[in-house]
Structures are given as C-alpha cells and as structure tokens.
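Peer 1: Next comes upload_14.txt, compact mmCIF, C-alpha atoms and all ligand atoms:
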# COMPACT_ATOMS: atom_id res chain seq x y z
CA MET A 23 121.09 113.90 120.64
CA PHE A 24 118.55 112.42 118.27
CA ILE A 25 120.08 110.63 115.29
CA ASP A 26 117.90 108.55 113.04
CA ARG A 27 120.24 107.64 110.21
CA VAL A 28 123.83 106.47 110.34
CA GLU A 29 126.28 104.74 108.08
CA VAL A 30 128.42 102.18 109.80
CA GLU A 31 130.91 99.45 109.04
CA PHE A 32 130.81 96.31 111.14
CA THR A 33 133.55 93.73 111.18
CA ALA A 34 133.30 90.56 113.21
CA GLY A 35 136.38 89.16 114.95
CA LYS A 36 138.86 87.03 113.08
CA GLY A 37 139.17 83.44 114.23
CA GLY A 38 142.31 82.48 116.15
CA ASP A 39 144.91 80.38 114.28
CA GLY A 40 145.32 76.70 115.01
CA CYS A 41 148.60 75.82 116.66
CA MET A 42 151.28 73.45 115.47
CA SER A 43 152.99 71.85 118.41
CA PHE A 44 154.32 68.48 119.53
CA ARG A 45 154.30 67.04 122.99
CA ARG A 46 157.79 67.16 124.39
CA GLU A 47 158.15 65.50 127.72
CA LYS A 48 160.77 63.52 129.47
CA PHE A 49 160.16 59.79 129.13
CA VAL A 50 157.48 60.36 126.50
CA PRO A 51 159.20 59.78 123.22
CA ARG A 52 157.28 60.81 120.12
CA GLY A 53 154.63 62.55 122.20
CA GLY A 54 152.60 63.33 119.12
CA PRO A 55 150.90 66.50 117.95
CA ASP A 56 149.22 68.65 120.63
CA GLY A 57 148.48 71.95 118.85
CA GLY A 58 145.08 73.33 119.98
CA ASP A 59 142.44 75.00 117.82
CA GLY A 60 142.04 78.73 117.55
CA GLY A 61 138.97 80.34 119.13
CA LYS A 62 136.09 81.60 116.99
CA GLY A 63 136.02 85.34 116.38
CA GLY A 64 133.35 87.40 118.14
CA SER A 65 130.17 88.09 116.19
CA ILE A 66 128.29 91.38 116.14
CA VAL A 67 124.66 91.27 117.17
CA LEU A 68 122.13 94.09 116.94
CA GLU A 69 119.24 93.98 119.35
CA ALA A 70 116.11 96.15 119.37
CA ARG A 71 115.41 97.53 122.78
CA VAL A 72 112.68 99.67 124.30
CA GLY A 73 114.16 102.77 125.88
CA VAL A 74 116.80 103.21 123.20
CA ASN A 75 115.38 106.11 121.22
CA SER A 76 118.10 107.15 118.87
CA LEU A 77 121.02 105.85 116.86
CA ALA A 78 123.26 108.46 118.48
CA MET A 79 125.77 105.92 119.78
CA PHE A 80 126.61 105.01 116.18
CA ALA A 81 127.04 108.59 115.07
CA ASN A 82 130.51 109.29 116.41
CA ARG A 83 131.95 105.91 115.64
CA ARG A 84 131.88 104.67 112.08
CA PHE A 85 133.64 101.35 112.61
CA PHE A 86 132.73 98.55 114.95
CA ARG A 87 135.04 95.58 115.30
CA ALA A 88 134.39 92.58 117.49
CA GLU A 89 137.13 90.80 119.39
CA LYS A 90 139.38 88.27 117.66
CA GLY A 91 139.52 84.66 118.75
CA LYS A 92 142.72 83.71 120.56
CA HIS A 93 145.23 81.43 118.87
CA GLY A 94 145.43 77.80 119.88
CA GLU A 95 148.44 76.72 121.95
CA GLY A 96 150.45 73.61 122.70
CA SER A 97 149.28 70.94 125.15
CA LEU A 98 145.95 70.93 123.31
CA ARG A 99 144.97 74.29 124.68
CA HIS A 100 142.28 75.83 122.52
CA GLY A 101 142.16 79.58 122.06
CA ARG A 102 139.40 81.52 123.79
CA LYS A 103 136.45 82.67 121.69
CA GLY A 104 136.32 86.35 120.85
CA GLU A 105 133.65 88.12 122.85
CA GLU A 106 130.37 88.81 121.09
CA MET A 107 129.66 92.48 120.52
CA ARG A 108 126.00 93.28 121.29
CA LEU A 109 124.72 96.67 120.23
CA TYR A 110 121.29 98.06 121.09
CA VAL A 111 119.15 99.91 118.60
CA PRO A 112 115.69 101.49 118.85
CA CYS A 113 112.68 99.39 117.87
CA GLY A 114 111.94 100.32 114.29
CA THR A 115 115.53 100.30 113.02
CA SER A 116 116.03 99.11 109.45
CA ILE A 117 119.41 97.73 108.45
CA ILE A 118 120.09 98.58 104.82
CA ASP A 119 122.94 97.35 102.68
CA THR A 120 124.89 100.38 101.51
CA ALA A 121 125.86 98.78 98.21
CA ASP A 122 122.46 97.80 96.85
CA GLY A 123 120.04 99.65 99.12
CA PHE A 124 118.23 96.46 100.15
CA VAL A 125 116.79 96.20 103.62
CA ILE A 126 118.70 93.34 105.23
CA LYS A 127 116.65 93.36 108.38
CA ASP A 128 113.95 95.38 110.07
CA LEU A 129 114.27 95.21 113.84
CA THR A 130 110.85 96.09 115.19
CA HIS A 131 110.12 93.88 118.21
CA PRO A 132 111.68 94.54 121.57
CA GLY A 133 114.33 91.88 122.13
CA GLU A 134 114.48 90.99 118.43
CA GLU A 135 118.08 90.41 117.44
CA PHE A 136 120.08 89.96 114.32
CA VAL A 137 123.62 88.69 113.83
CA ILE A 138 124.88 91.26 111.40
CA CYS A 139 128.40 89.80 111.11
CA ARG A 140 129.50 86.32 112.05
CA GLY A 141 132.88 85.84 113.63
CA GLY A 142 135.54 83.96 111.67
CA ARG A 143 135.91 80.29 112.52
CA GLY A 144 138.89 79.21 114.59
CA GLY A 145 141.75 77.44 112.79
CA HIS A 146 142.48 73.78 113.49
CA GLY A 147 145.56 72.83 115.47
CA ASN A 148 147.77 70.08 114.15
CA ALA A 149 146.39 67.59 116.70
CA ARG A 150 143.30 67.42 114.50
CA PHE A 151 145.27 66.13 111.56
CA LYS A 152 146.72 63.09 113.31
CA SER A 153 145.74 59.90 111.58
CA ALA A 154 146.84 56.27 111.39
CA THR A 155 149.14 57.10 108.53
CA ASN A 156 150.31 60.47 109.76
CA GLN A 157 151.34 60.53 113.40
CA THR A 158 153.31 63.77 113.14
CA PRO A 159 151.15 66.12 111.10
CA ARG A 160 152.73 69.44 110.36
CA GLN A 161 149.48 70.93 109.20
CA ARG A 162 147.31 73.47 110.90
CA THR A 163 144.82 75.99 109.57
CA LEU A 164 144.62 79.70 110.14
CA GLY A 165 141.58 81.39 111.59
CA GLY A 166 138.95 82.65 109.15
CA ASP A 167 138.23 86.34 108.69
CA GLY A 168 135.18 87.76 110.38
CA GLU A 169 132.40 89.04 108.12
CA THR A 170 132.40 92.70 107.21
CA ARG A 171 129.28 94.65 106.37
CA HIS A 172 128.80 98.22 105.40
CA VAL A 173 125.29 99.30 106.24
CA ILE A 174 122.97 102.22 106.71
CA MET A 175 120.86 102.04 109.84
CA GLN A 176 117.70 104.04 109.65
CA LEU A 177 115.10 104.53 112.30
CA LYS A 178 111.44 104.66 111.38
CA SER A 179 109.69 105.08 114.68
CA ILE A 180 107.06 102.59 115.68
CA ALA A 181 103.90 104.50 116.34
CA ASP A 182 100.21 103.82 115.82
CA VAL A 183 99.48 107.47 115.24
CA GLY A 184 101.45 110.29 113.65
CA LEU A 185 100.76 113.93 114.55
CA ILE A 186 101.34 116.15 111.55
CA GLY A 187 100.68 119.76 110.68
CA LYS A 188 102.28 123.11 110.14
CA PRO A 189 104.75 124.46 112.70
CA ASN A 190 103.02 125.95 115.73
CA ALA A 191 99.81 124.02 115.10
CA GLY A 192 99.89 122.61 118.63
CA LYS A 193 101.16 119.07 117.98
CA SER A 194 103.57 118.91 120.89
CA THR A 195 101.05 120.51 123.24
CA LEU A 196 98.52 117.84 122.32
CA LEU A 197 101.07 115.06 122.85
CA SER A 198 102.00 116.49 126.24
CA ARG A 199 98.34 116.55 127.28
CA ILE A 200 97.41 113.03 126.31
CA SER A 201 100.64 111.22 127.18
CA SER A 202 103.45 111.60 129.66
CA ALA A 203 105.86 112.76 126.95
CA ARG A 204 107.27 116.22 127.66
CA PRO A 205 108.27 117.69 124.31
CA GLU A 206 109.42 121.29 124.08
CA ILE A 207 106.54 123.69 123.44
CA ALA A 208 106.96 127.29 122.40
CA ASP A 209 105.31 130.08 120.52
CA TYR A 210 107.54 129.93 117.46
CA PRO A 211 107.76 127.60 114.47
CA PHE A 212 110.05 124.58 114.44
CA THR A 213 110.19 124.25 118.19
CA THR A 214 110.23 120.50 117.67
CA LYS A 215 113.35 119.52 115.79
CA PHE A 216 113.20 115.78 116.35
CA PRO A 217 110.37 113.29 116.69
CA ASN A 218 108.90 112.61 120.13
CA LEU A 219 107.06 109.44 121.02
CA GLY A 220 104.40 109.20 123.69
CA ILE A 221 102.23 106.37 124.92
CA VAL A 222 98.61 107.26 125.44
CA ASP A 223 96.89 105.07 128.04
CA VAL A 224 93.23 105.41 127.20
CA ASP A 225 92.25 103.07 130.02
CA GLN A 226 93.70 100.06 131.77
CA GLU A 227 93.49 97.83 128.72
CA ARG A 228 93.88 100.15 125.80
CA SER A 229 96.77 102.30 124.72
CA PHE A 230 98.42 103.56 121.58
CA VAL A 231 101.75 105.10 120.66
CA THR A 232 101.83 108.57 119.15
CA ALA A 233 104.66 110.28 117.30
CA ASP A 234 104.97 114.06 117.22
CA ILE A 235 107.20 115.22 114.40
CA PRO A 236 108.58 118.62 113.41
CA GLY A 237 106.17 120.88 111.56
CA LEU A 238 105.79 120.62 107.80
CA ILE A 239 105.62 123.57 105.46
CA GLU A 240 104.79 124.06 101.83
CA GLY A 241 107.87 123.18 99.80
CA ALA A 242 109.06 120.58 102.30
CA SER A 243 109.47 118.22 99.35
CA GLU A 244 112.06 120.66 98.00
CA GLY A 245 113.81 120.73 101.36
CA LEU A 246 112.20 123.81 102.85
CA GLY A 247 111.92 123.95 106.64
CA LEU A 248 113.04 120.65 108.03
CA GLY A 249 111.88 119.08 104.78
CA HIS A 250 110.56 115.58 104.58
CA GLU A 251 113.37 114.38 106.76
CA PHE A 252 111.17 113.25 109.63
CA LEU A 253 108.12 111.98 107.77
CA ARG A 254 109.61 108.52 107.88
CA HIS A 255 108.76 108.49 111.57
CA VAL A 256 105.07 108.46 110.80
CA GLU A 257 105.37 106.11 107.82
CA ARG A 258 104.56 103.07 109.94
CA ALA A 259 101.65 104.79 111.65
CA GLY A 260 98.28 103.55 110.44
CA LEU A 261 96.57 106.82 111.31
CA LEU A 262 97.60 110.43 110.77
CA VAL A 263 96.17 113.14 112.96
CA HIS A 264 96.45 116.35 111.01
CA LEU A 265 96.43 119.43 113.23
CA VAL A 266 95.27 122.72 111.78
CA GLU A 267 95.77 126.03 113.54
CA PRO A 268 92.78 128.38 113.08
CA THR A 269 94.68 131.67 113.13
CA PRO A 270 98.30 131.19 112.13
CA VAL A 271 100.54 134.07 113.21
CA ASP A 272 101.95 134.34 109.70
CA GLY A 273 98.45 135.28 108.48
CA THR A 274 98.14 132.28 106.18
CA ASP A 275 94.79 130.67 105.50
CA PRO A 276 94.19 127.51 107.54
CA ILE A 277 92.34 125.73 104.72
CA GLU A 278 95.13 126.46 102.26
CA ASN A 279 97.61 125.30 104.87
CA TYR A 280 95.73 122.07 105.25
CA SER A 281 95.70 121.44 101.50
CA ALA A 282 99.39 122.34 101.23
CA ILE A 283 100.36 119.76 103.83
CA ARG A 284 98.20 117.15 102.10
CA GLU A 285 100.09 117.89 98.93
CA GLU A 286 103.42 117.55 100.72
CA LEU A 287 102.37 114.15 102.05
CA ARG A 288 101.48 113.00 98.56
CA GLN A 289 104.79 114.30 97.25
CA TYR A 290 106.62 112.34 99.89
CA ASP A 291 104.80 109.10 99.30
CA THR A 292 101.44 108.47 97.68
CA LYS A 293 100.73 105.79 100.28
CA LEU A 294 101.15 108.33 103.07
CA GLY A 295 98.88 110.69 101.16
CA GLU A 296 96.16 108.02 101.21
CA ARG A 297 96.61 107.07 104.85
CA ASP A 298 93.62 107.21 107.21
CA GLU A 299 93.48 110.74 108.60
CA LEU A 300 91.66 112.69 111.28
CA VAL A 301 91.63 116.45 110.93
CA VAL A 302 91.83 118.41 114.14
CA LEU A 303 91.31 122.11 114.48
CA THR A 304 93.40 123.23 117.45
CA LYS A 305 93.18 126.11 119.92
CA CYS A 306 89.38 125.97 119.69
CA GLU A 307 88.89 128.24 122.67
CA LEU A 308 89.88 131.04 120.33
CA ASP A 309 87.06 132.94 118.69
CA PRO A 310 87.58 132.48 114.95
CA ASP A 311 87.64 128.73 115.34
CA ARG A 312 84.03 128.07 114.54
CA GLU A 313 84.19 129.89 111.24
CA VAL A 314 87.31 127.99 110.24
CA PHE A 315 85.64 124.76 111.29
CA GLU A 316 82.74 125.42 108.99
CA ARG A 317 85.00 126.39 106.13
CA LEU A 318 86.95 123.18 106.61
CA GLN A 319 83.71 121.21 106.54
CA GLN A 320 82.76 122.94 103.35
CA HIS A 321 86.16 122.21 101.90
CA PHE A 322 85.71 118.51 102.63
CA ALA A 323 82.22 118.51 101.22
CA GLU A 324 83.46 120.04 97.99
CA ASN A 325 86.41 117.76 97.77
CA LYS A 326 85.51 114.30 96.65
CA VAL A 327 88.63 112.65 97.97
CA GLU A 328 88.61 114.18 101.39
CA HIS A 329 84.92 114.51 102.13
CA GLU A 330 84.94 111.49 104.41
CA ARG A 331 87.55 112.87 106.69
CA GLU A 332 86.41 113.42 110.19
CA LEU A 333 86.82 116.82 111.72
CA PHE A 334 87.46 117.57 115.39
CA ALA A 335 87.93 120.76 117.31
CA ILE A 336 90.09 120.71 120.40
CA SER A 337 91.88 122.97 122.77
CA ALA A 338 94.89 121.26 124.24
CA ALA A 339 95.55 124.24 126.49
CA SER A 340 92.04 124.13 127.96
CA GLU A 341 91.67 120.39 127.48
CA ILE A 342 88.52 120.58 125.44
CA GLY A 343 87.62 117.82 123.03
CA LEU A 344 90.58 115.64 124.00
CA HIS A 345 88.44 112.81 125.31
CA ASP A 346 86.45 112.46 122.09
CA LEU A 347 89.57 112.70 120.00
CA VAL A 348 91.50 110.12 122.01
CA GLU A 349 88.53 107.75 121.94
CA GLU A 350 88.15 108.09 118.19
CA ILE A 351 91.88 107.52 117.66
CA MET A 352 91.75 104.45 119.89
CA GLN A 353 88.83 103.01 117.97
CA ARG A 354 90.55 103.50 114.65
CA VAL A 355 93.80 102.07 115.97
CA THR A 356 91.91 99.05 117.35
CA ARG A 357 90.18 98.54 114.01
CA ARG A 358 93.48 98.66 112.19
CA ARG A 359 95.07 96.23 114.62
CA GLN A 360 92.21 93.83 114.01
CA GLU A 361 92.63 94.18 110.26
CA MET A 362 96.33 93.50 110.62
CA LEU A 363 95.64 90.45 112.77
CA ASP A 364 93.13 89.16 110.22
CA ALA A 365 95.70 89.65 107.49
CA GLY A 366 98.27 87.74 109.56
CA GLU A 367 100.50 90.78 109.91
CA ASP A 368 102.51 91.70 112.94
CA LEU A 369 100.98 94.11 115.40
CA ASN A 370 102.80 97.19 116.44
CA PRO A 371 105.21 95.62 118.92
CA ILE A 372 105.80 98.47 121.34
CA ARG A 373 102.39 98.23 122.94
CA GLU A 374 103.01 94.58 123.74
CA VAL A 375 105.85 95.30 126.11
CA ASP A 376 106.10 96.71 129.53
CA VAL A 377 106.88 100.35 129.31
CA PRO A 378 109.27 101.67 131.95
CA THR A 379 107.30 103.45 134.66
CA GLU A 380 108.80 106.84 134.08
CA THR A 381 107.40 106.91 130.54
CA LYS A 382 103.95 105.73 131.61
CA PRO A 383 101.47 108.54 131.37
CA SER A 384 99.60 109.51 134.43
CA ARG A 385 96.14 110.38 133.22
CA ARG A 386 94.89 111.00 136.74
CA THR A 387 97.16 113.91 137.36
CA PRO A 388 97.08 116.18 134.35
CA PRO A 389 100.59 117.28 133.38
CA HIS A 390 100.15 120.93 134.12
CA LYS A 391 97.26 123.10 134.93
CA SER A 392 96.80 126.14 132.83
CA GLY A 393 93.81 128.35 132.55
CA PRO A 394 90.45 127.87 134.14
CA THR A 395 89.57 124.56 132.53
CA SER A 396 92.51 122.35 132.85
CA SER A 397 91.51 118.79 133.49
CA LEU A 398 90.14 116.10 131.26
CA SER A 399 87.12 116.00 133.54
CA ASN A 400 86.09 119.31 132.16
CA ASP A 401 86.22 117.88 128.73
CA LYS A 402 83.93 115.11 129.84
CA GLN A 403 81.59 117.50 131.52
CA ALA A 404 81.62 119.69 128.46
CA ARG A 405 80.22 116.86 126.40
CA ASP A 406 77.09 116.78 128.52
CA ILE A 407 76.36 120.44 127.92
CA PRO A 408 75.04 121.62 124.56
CA SER A 409 77.84 123.11 122.55
CA ILE A 410 77.68 126.82 121.84
CA TRP A 411 78.31 125.82 118.26
CA GLY A 412 75.25 123.78 118.80
CA LYS A 413 74.59 121.43 116.00
CA GLN A 414 75.83 118.01 115.12
CA SER A 415 78.29 118.49 112.34
CA PRO A 416 77.79 116.76 108.99
CA MET A 417 80.89 114.81 109.96
CA GLY A 418 78.81 113.23 112.67
CA ARG A 419 80.53 114.92 115.57
CA THR A 420 79.45 117.59 117.93
CA LEU A 421 81.94 120.28 118.57
CA ALA A 422 83.42 120.49 121.98
CA THR A 423 82.17 123.20 124.23
CA PRO A 424 84.41 126.23 124.56
CA PRO A 425 85.87 127.05 127.95
CA SER A 426 83.11 129.48 128.84
CA GLN A 427 81.30 126.50 130.38
CA PRO A 428 81.23 126.19 134.16
CA THR A 429 84.49 125.03 135.59
CA PRO A 430 84.22 121.98 137.82
CA GLN A 431 84.88 122.79 141.43
CA PRO A 432 87.37 120.89 143.53
CA GLY A 433 85.63 118.22 145.52
CA ASP A 434 82.79 117.95 143.05
CA ASP A 435 82.16 114.23 143.25
CA ASP A 436 79.97 114.05 140.20
CA ASN A 437 82.75 115.39 138.20
CA PRO A 438 84.43 112.35 136.70
CA ASP A 439 88.03 113.22 137.06
CA GLU A 440 89.17 110.07 135.43
CA HIS A 441 89.57 109.58 131.79
CA PRO A 442 87.51 106.53 130.84
N1 LIG B 501 95.54 129.23 122.90
C1 LIG B 501 96.05 128.04 122.69
N2 LIG B 501 97.36 127.92 122.42
C2 LIG B 501 97.84 126.69 122.20
C3 LIG B 501 97.04 125.51 122.24
N3 LIG B 501 97.80 124.45 121.95
C4 LIG B 501 99.05 124.93 121.75
N4 LIG B 501 99.08 126.28 121.90
C5 LIG B 501 100.24 127.16 121.78
O1 LIG B 501 100.70 127.15 120.45
C6 LIG B 501 102.11 127.31 120.43
C7 LIG B 501 102.73 126.18 119.62
O2 LIG B 501 102.48 124.95 120.26
P1 LIG B 501 103.38 123.66 119.99
O3 LIG B 501 102.71 122.52 120.67
O4 LIG B 501 104.81 123.93 120.29
O5 LIG B 501 103.19 123.54 118.41
P2 LIG B 501 103.86 122.48 117.42
O6 LIG B 501 102.84 122.15 116.40
O7 LIG B 501 104.43 121.35 118.19
O8 LIG B 501 104.97 123.39 116.78
P3 LIG B 501 106.35 122.94 116.08
O9 LIG B 501 107.07 122.04 117.04
O10 LIG B 501 107.06 124.21 115.86
O11 LIG B 501 105.99 122.26 114.81
C8 LIG B 501 102.56 127.29 121.89
O12 LIG B 501 102.77 128.62 122.28
C9 LIG B 501 101.40 126.67 122.62
O13 LIG B 501 101.31 127.12 123.95
C10 LIG B 501 95.65 125.69 122.55
O14 LIG B 501 94.86 124.77 122.61
N5 LIG B 501 95.21 126.97 122.75
MG MG B 502 106.31 120.73 118.37
Let me see whether you can do it: turn the structure in this file into structure tokens.
Ligand SMILES: Nc1nc2c(ncn2[C@@H]2O[C@H](COP(=O)(O)OP(=O)(O)OP(=O)(O)O)[C@@H](O)[C@H]2O)c(=O)[nH]1
Ligand SMILES: [Mg+2]

Peer 2:
Amino acid sequence: MFIDRVEVEFTAGKGGDGCMSFRREKFVPRGGPDGGDGGKGGSIVLEARVGVNSLAMFANRRFFRAEKGKHGEGSLRHGRKGEEMRLYVPCGTSIIDTADGFVIKDLTHPGEEFVICRGGRGGHGNARFKSATNQTPRQRTLGGDGETRHVIMQLKSIADVGLIGKPNAGKSTLLSRISSARPEIADYPFTTKFPNLGIVDVDQERSFVTADIPGLIEGASEGLGLGHEFLRHVERAGLLVHLVEPTPVDGTDPIENYSAIREELRQYDTKLGERDELVVLTKCELDPDREVFERLQQHFAENKVEHERELFAISAASEIGLHDLVEEIMQRVTRRRQEMLDAGEDLNPIREVDVPTETKPSRRTPPHKSGPTSSLSNDKQARDIPSIWGKQSPMGRTLATPPSQPTPQPGDDDNPDEHP
C-alpha cells in the first residue's frame, strides 16, 4: 500500500519516579536514604531509510507511545531507561506541525535521523537530597512527562527527474525500459495510481533517479482524475520530462493536451510551471508521429515562453530514441547538480547511497523483448542511419529512426549491445 501523507501523534515515554527509601539493616542504625532515581523515558526517533517507500506503517496506527522509564527503588537501585522507539520513514519525508503548518524537519538523507519527542527525565530518589544538614531527606521527585507532538508526515519523493503527462502517454513503459522498476503498464488511463521510483544507471559512474507519477488531466487542479495529489512527488525534481502521446485514444489533440498539462502545472505551483522541461513524443513507431512532431515544433516556435524546450521522439516499446533521451537527461541532471554544488546546496541524497541489488537496473539485459527492435543497441544503431524524418530539427536534435531500420542480428559483434 502506498501512503504518502499521514497524521500521527507521538508521545515519548514518561520518566520513572524517584524512590523514597531508607536503608534498614540489622546493625546499621540510621542507614540513611537509599532511594534510587527513576529511569528516563524512551524517546521517539524518526530515521530516513532507503528501501522504505511509503508511510503505510503509520496509516493504521495514529498514536505512537514510547516506553516509560522504570521507577527507582530502594538500595540505590535506579530505574531502567525506557526503550527508544525508532521508526523508519522514506527519504524525502517532511515532518509538519499540525497546529501551525510549519515544517519541523525534512528527512532527505539516508540515515538522517530526528528526535521528534524526547523522553521525560527520570525523577530523583531521596538519596540525592542527603546533605550535611539533612541526613534523612523525605524528598524525591517524580518523573517528567515525555514530549507529545501532533504532526503530519508527508512524503515528497526524492527524484532528479519527474515523468509527467496525460494518462496512457507511456510514462510507466519508459520507466520500465530505462530502469529496473516494474510499474504496472496497461492500455487504459490511470493504470498508475501511485508514484514509482526507478534508478537509471547511464553508465558505471552516472545515474539518476526518476519518478513516474499518475497521469494528469485537464481540470486536475479542480480535483479531476487523481488531481494534483501526486505532483508533490516531482516537486523536488530539477527536470520534468513531459510525455506526449501522438494519437490519444480519446481523440484529443496532442498539442492541446500538452498545453493543458502545462497549465495544470502552473496552477499547482508557478515554480513547477517554470521548471526545466524536456518534451518527449512517445510511441514514435506509429505513423502520425512525424506530423505531430512538426506541429509541436511549430507550437514551440510560436510560443515565446516554450520555444526553447527541447523535443524528442521515442518509442519505448521498440526502444528507439531512448539512448539520446537518457543522455540528454543525464547531462541536464549533471548540470543541475553542479549548480547546486556551486550554490552550496545539498545534492539529491539517494544517488549517494548503495542501492540494494534487486533495485539496480540491469541495462545489459533489457527488461522484456517486444517487437522486432527491442534492445537499446538498436537505438544506438539507429542513430548511425539517416532518419526517415531526415533533417536536423530546429531544436537541434535528429529524430530517431523508426523501427523499419534493419534489426541487429544475434551475434553481430559490431552491434554495441551495451548502453554507453
Ligand atoms: N505502440 C506503442 N505503445 C506504447 C509505447 N509505450 C507505451 N505504449 C502503450 O501505451 C499504453 C499505456 O502505457 P503506460 O506506460 O501504462 O502509460 P502511462 O503514461 O504510464 O499511463 P497512466 O499510468 O495511466 O498514466 C500501454 O498499452 C503501453 O503498452 C510505445 O512506444 N509504442
Ligand atoms: Mg503509468
């Protein structure tokens, strides 16, 4: 179950009470005070961890209470400390105070932790109050209450790149082709109901994290479709990759669809509307793609704001154009990382950690073979052959060759079957 927003109350453990006791032993008259201190209450610590992908564990339990400290006892026995409660959250979890809406803490780095509630201190036993003038103190203190906090925890995924577009545009298919993520893919809108993250290993040194979110539709800002609910998962991404389907089944115009999604982004947050964007026409092995490509180019040329956007054509199914796209994304992500470093900002933390092997993409063995041209090698080969759409686009990019190009044969050594 994917849950990205929960409201929770945390209460740390109460401290144990100090004890009032006097030493009573044969042949030891006036043994003096021997009441021990109470133990400190357990604190509650939140820790960001790679591999935890959802706040689901907080969804069915609204209250979290750490263990109390034990009371002190006679013979100077101190109470045991309450055990610390450590809870794991996904990297990218913001802790927000319910009362004033302020972000108390943003847990982004793997291993980063935050003591959300401190345990109450232990009370003092009466032995502590013994002094030269008071040999039989009858004082002790009670344990302090543990802190209580009522918070909203909200996950904004950590990704370098956000895949956006209308439902059915091919976002999940693209993610499944360039990373080892295996999102659900189907021929109907809103197949993806929750965000999926995938790590794209471009080569041994370079990788980026991509988020695939549910499709957006016109009116999302008014709650239509899945609304803006999941846009927060691309908020941290420095680059948006906007996928446009050339022939939507609902008969809508791809250019209008593109503009509608742009408008929805602006409605959600003007900053997201101004975010660096690559526009990608999907399913480019289909015939009408070229015409749509040219219309999109024209649209950018006419539109002052968007004329600098770069346009790509890909076919995730036939793995055409993926190499160029991934390389361009990587370059932009690298540039942004450098800018962030220069500005003294934190880099996206996920890429700095070891990713568990099962989530590491295997670029050498394409996820599944479908159709005649199914490996990235074909994409690479395709770049060496003049495109049937021929010319260099005004956006400075040659269109990928459609799948009518010769298919590389097994055992063809010249065929570079490795993604660079
Ligand atoms: N012909 C062709 N079909 C594709 C291509 N990429 C994706 N599809 C198909 O398009 C349909 C939708 O693909 P998805 O990847 O589920 O689309 P999505 O954008 O994730 O859709 P939502 O999750 O509903 O937003 C599926 O039937 C895919 O098989 C492509 O390059 N060529
Ligand atoms: Mg999807």

Peer 1: How many Å separate CA of Met79 (chain A) from CA of Ala34 (chain A)?

Peer 2: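 A separation of 18.3 Å between them.
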
Peer 1: Which residue, A:Leu262, A:Leu308, A:Leu363, A:Ala203, has the smallest gap to ligand MG 502 (chain B) when you use only C-alpha atoms and all ligand atoms?

Peer 2: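 Closest residue, counting only C-alpha atoms and all ligand atoms: A:Ala203.
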
Peer 1: Hey, which of A:Glu341, A:Thr304, A:Pro236, A:Glu257 ends up closest to ligand MG 502 (chain B)? Count all atoms listed in the file.

Peer 2: A:Pro236

Peer 1: Find the spatial neighbours of Leu294 (chain A), counting all atoms listed in the file, within a cut-off of 10 Å - ignore same-chain residues fewer than 6 positions away - and output them as JSON, numbers by chain.

Peer 2: {"A": [253, 254, 256, 257, 258, 259, 260, 261, 262, 284, 286, 287, 288]}

Peer 1: Within 7 Å of ligand LIG 501 (chain B), which residues show up when you count all atoms listed in the file? List them as a ChimeraX atom specification, please.

Peer 2: /A:187-196,206-215,236-237,304-308,336-340

Peer 1: Got time to write the residues from that selection, C-alpha atoms, as a short mmCIF file (atom, residue, chain, number, x, y, z; two decimals), in the frame of the given file?

Peer 2:
data_model
loop_
_atom_site.label_atom_id
_atom_site.label_comp_id
_atom_site.auth_asym_id
_atom_site.auth_seq_id
_atom_site.Cartn_x
_atom_site.Cartn_y
_atom_site.Cartn_z
CA GLY A 187 100.68 119.76 110.68
CA LYS A 188 102.28 123.11 110.14
CA PRO A 189 104.75 124.46 112.70
CA ASN A 190 103.02 125.95 115.73
CA ALA A 191 99.81 124.02 115.10
CA GLY A 192 99.89 122.61 118.63
CA LYS A 193 101.16 119.07 117.98
CA SER A 194 103.57 118.91 120.89
CA THR A 195 101.05 120.51 123.24
CA LEU A 196 98.52 117.84 122.32
CA GLU A 206 109.42 121.29 124.08
CA ILE A 207 106.54 123.69 123.44
CA ALA A 208 106.96 127.29 122.40
CA ASP A 209 105.31 130.08 120.52
CA TYR A 210 107.54 129.93 117.46
CA PRO A 211 107.76 127.60 114.47
CA PHE A 212 110.05 124.58 114.44
CA THR A 213 110.19 124.25 118.19
CA THR A 214 110.23 120.50 117.67
CA LYS A 215 113.35 119.52 115.79
CA PRO A 236 108.58 118.62 113.41
CA GLY A 237 106.17 120.88 111.56
CA THR A 304 93.40 123.23 117.45
CA LYS A 305 93.18 126.11 119.92
CA CYS A 306 89.38 125.97 119.69
CA GLU A 307 88.89 128.24 122.67
CA LEU A 308 89.88 131.04 120.33
CA ILE A 336 90.09 120.71 120.40
CA SER A 337 91.88 122.97 122.77
CA ALA A 338 94.89 121.26 124.24
CA ALA A 339 95.55 124.24 126.49
CA SER A 340 92.04 124.13 127.96
#

Peer 1: Would you mind reading off the distance between CA of Phe124 (chain A) and CA of Phe85 (chain A), one decimal, in Å?

Peer 2: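 So the answer is 20.4 Å.
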
Peer 1: In Å to one decimal, how far is CA of Gly220 (chain A) from CA of His264 (chain A)?

Peer 2: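 These atoms are spaced 16.6 Å apart.
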
Peer 1: Can I get region 201-213 of chain A with N, CA and C atoms filled in, as a tab-separated table (two decimals), in the coordinates of the input?

Peer 2:
chain	number	residue	atom	x	y	z
A	201	SER	N	99.67	112.24	126.78
A	201	SER	CA	100.64	111.22	127.18
A	201	SER	C	101.58	111.83	128.21
A	202	SER	N	102.51	111.05	128.68
A	202	SER	CA	103.45	111.60	129.66
A	202	SER	C	104.70	112.18	128.98
A	203	ALA	N	104.71	112.18	127.66
A	203	ALA	CA	105.86	112.76	126.95
A	203	ALA	C	105.92	114.26	127.26
A	204	ARG	N	107.11	114.80	127.34
A	204	ARG	CA	107.27	116.22	127.66
A	204	ARG	C	108.09	116.92	126.58
A	205	PRO	N	107.52	117.02	125.37
A	205	PRO	CA	108.27	117.69	124.31
A	205	PRO	C	108.35	119.20	124.57
A	206	GLU	N	109.30	119.83	123.92
A	206	GLU	CA	109.42	121.29	124.08
A	206	GLU	C	108.23	121.96	123.37
A	207	ILE	N	107.69	122.97	124.01
A	207	ILE	CA	106.54	123.69	123.44
A	207	ILE	C	106.88	125.17	123.48
A	208	ALA	N	106.70	125.85	122.37
A	208	ALA	CA	106.96	127.29	122.40
A	208	ALA	C	106.21	127.97	121.28
A	209	ASP	N	106.12	129.27	121.41
A	209	ASP	CA	105.31	130.08	120.52
A	209	ASP	C	106.09	130.49	119.27
A	210	TYR	N	106.86	129.63	118.72
A	210	TYR	CA	107.54	129.93	117.46
A	210	TYR	C	107.64	128.65	116.65
A	211	PRO	N	107.74	128.79	115.32
A	211	PRO	CA	107.76	127.60	114.47
A	211	PRO	C	109.03	126.78	114.66
A	212	PHE	N	108.93	125.53	114.37
A	212	PHE	CA	110.05	124.58	114.44
A	212	PHE	C	110.63	124.44	115.85
A	213	THR	N	109.75	124.52	116.82
A	213	THR	CA	110.19	124.25	118.19
A	213	THR	C	110.66	122.80	118.27
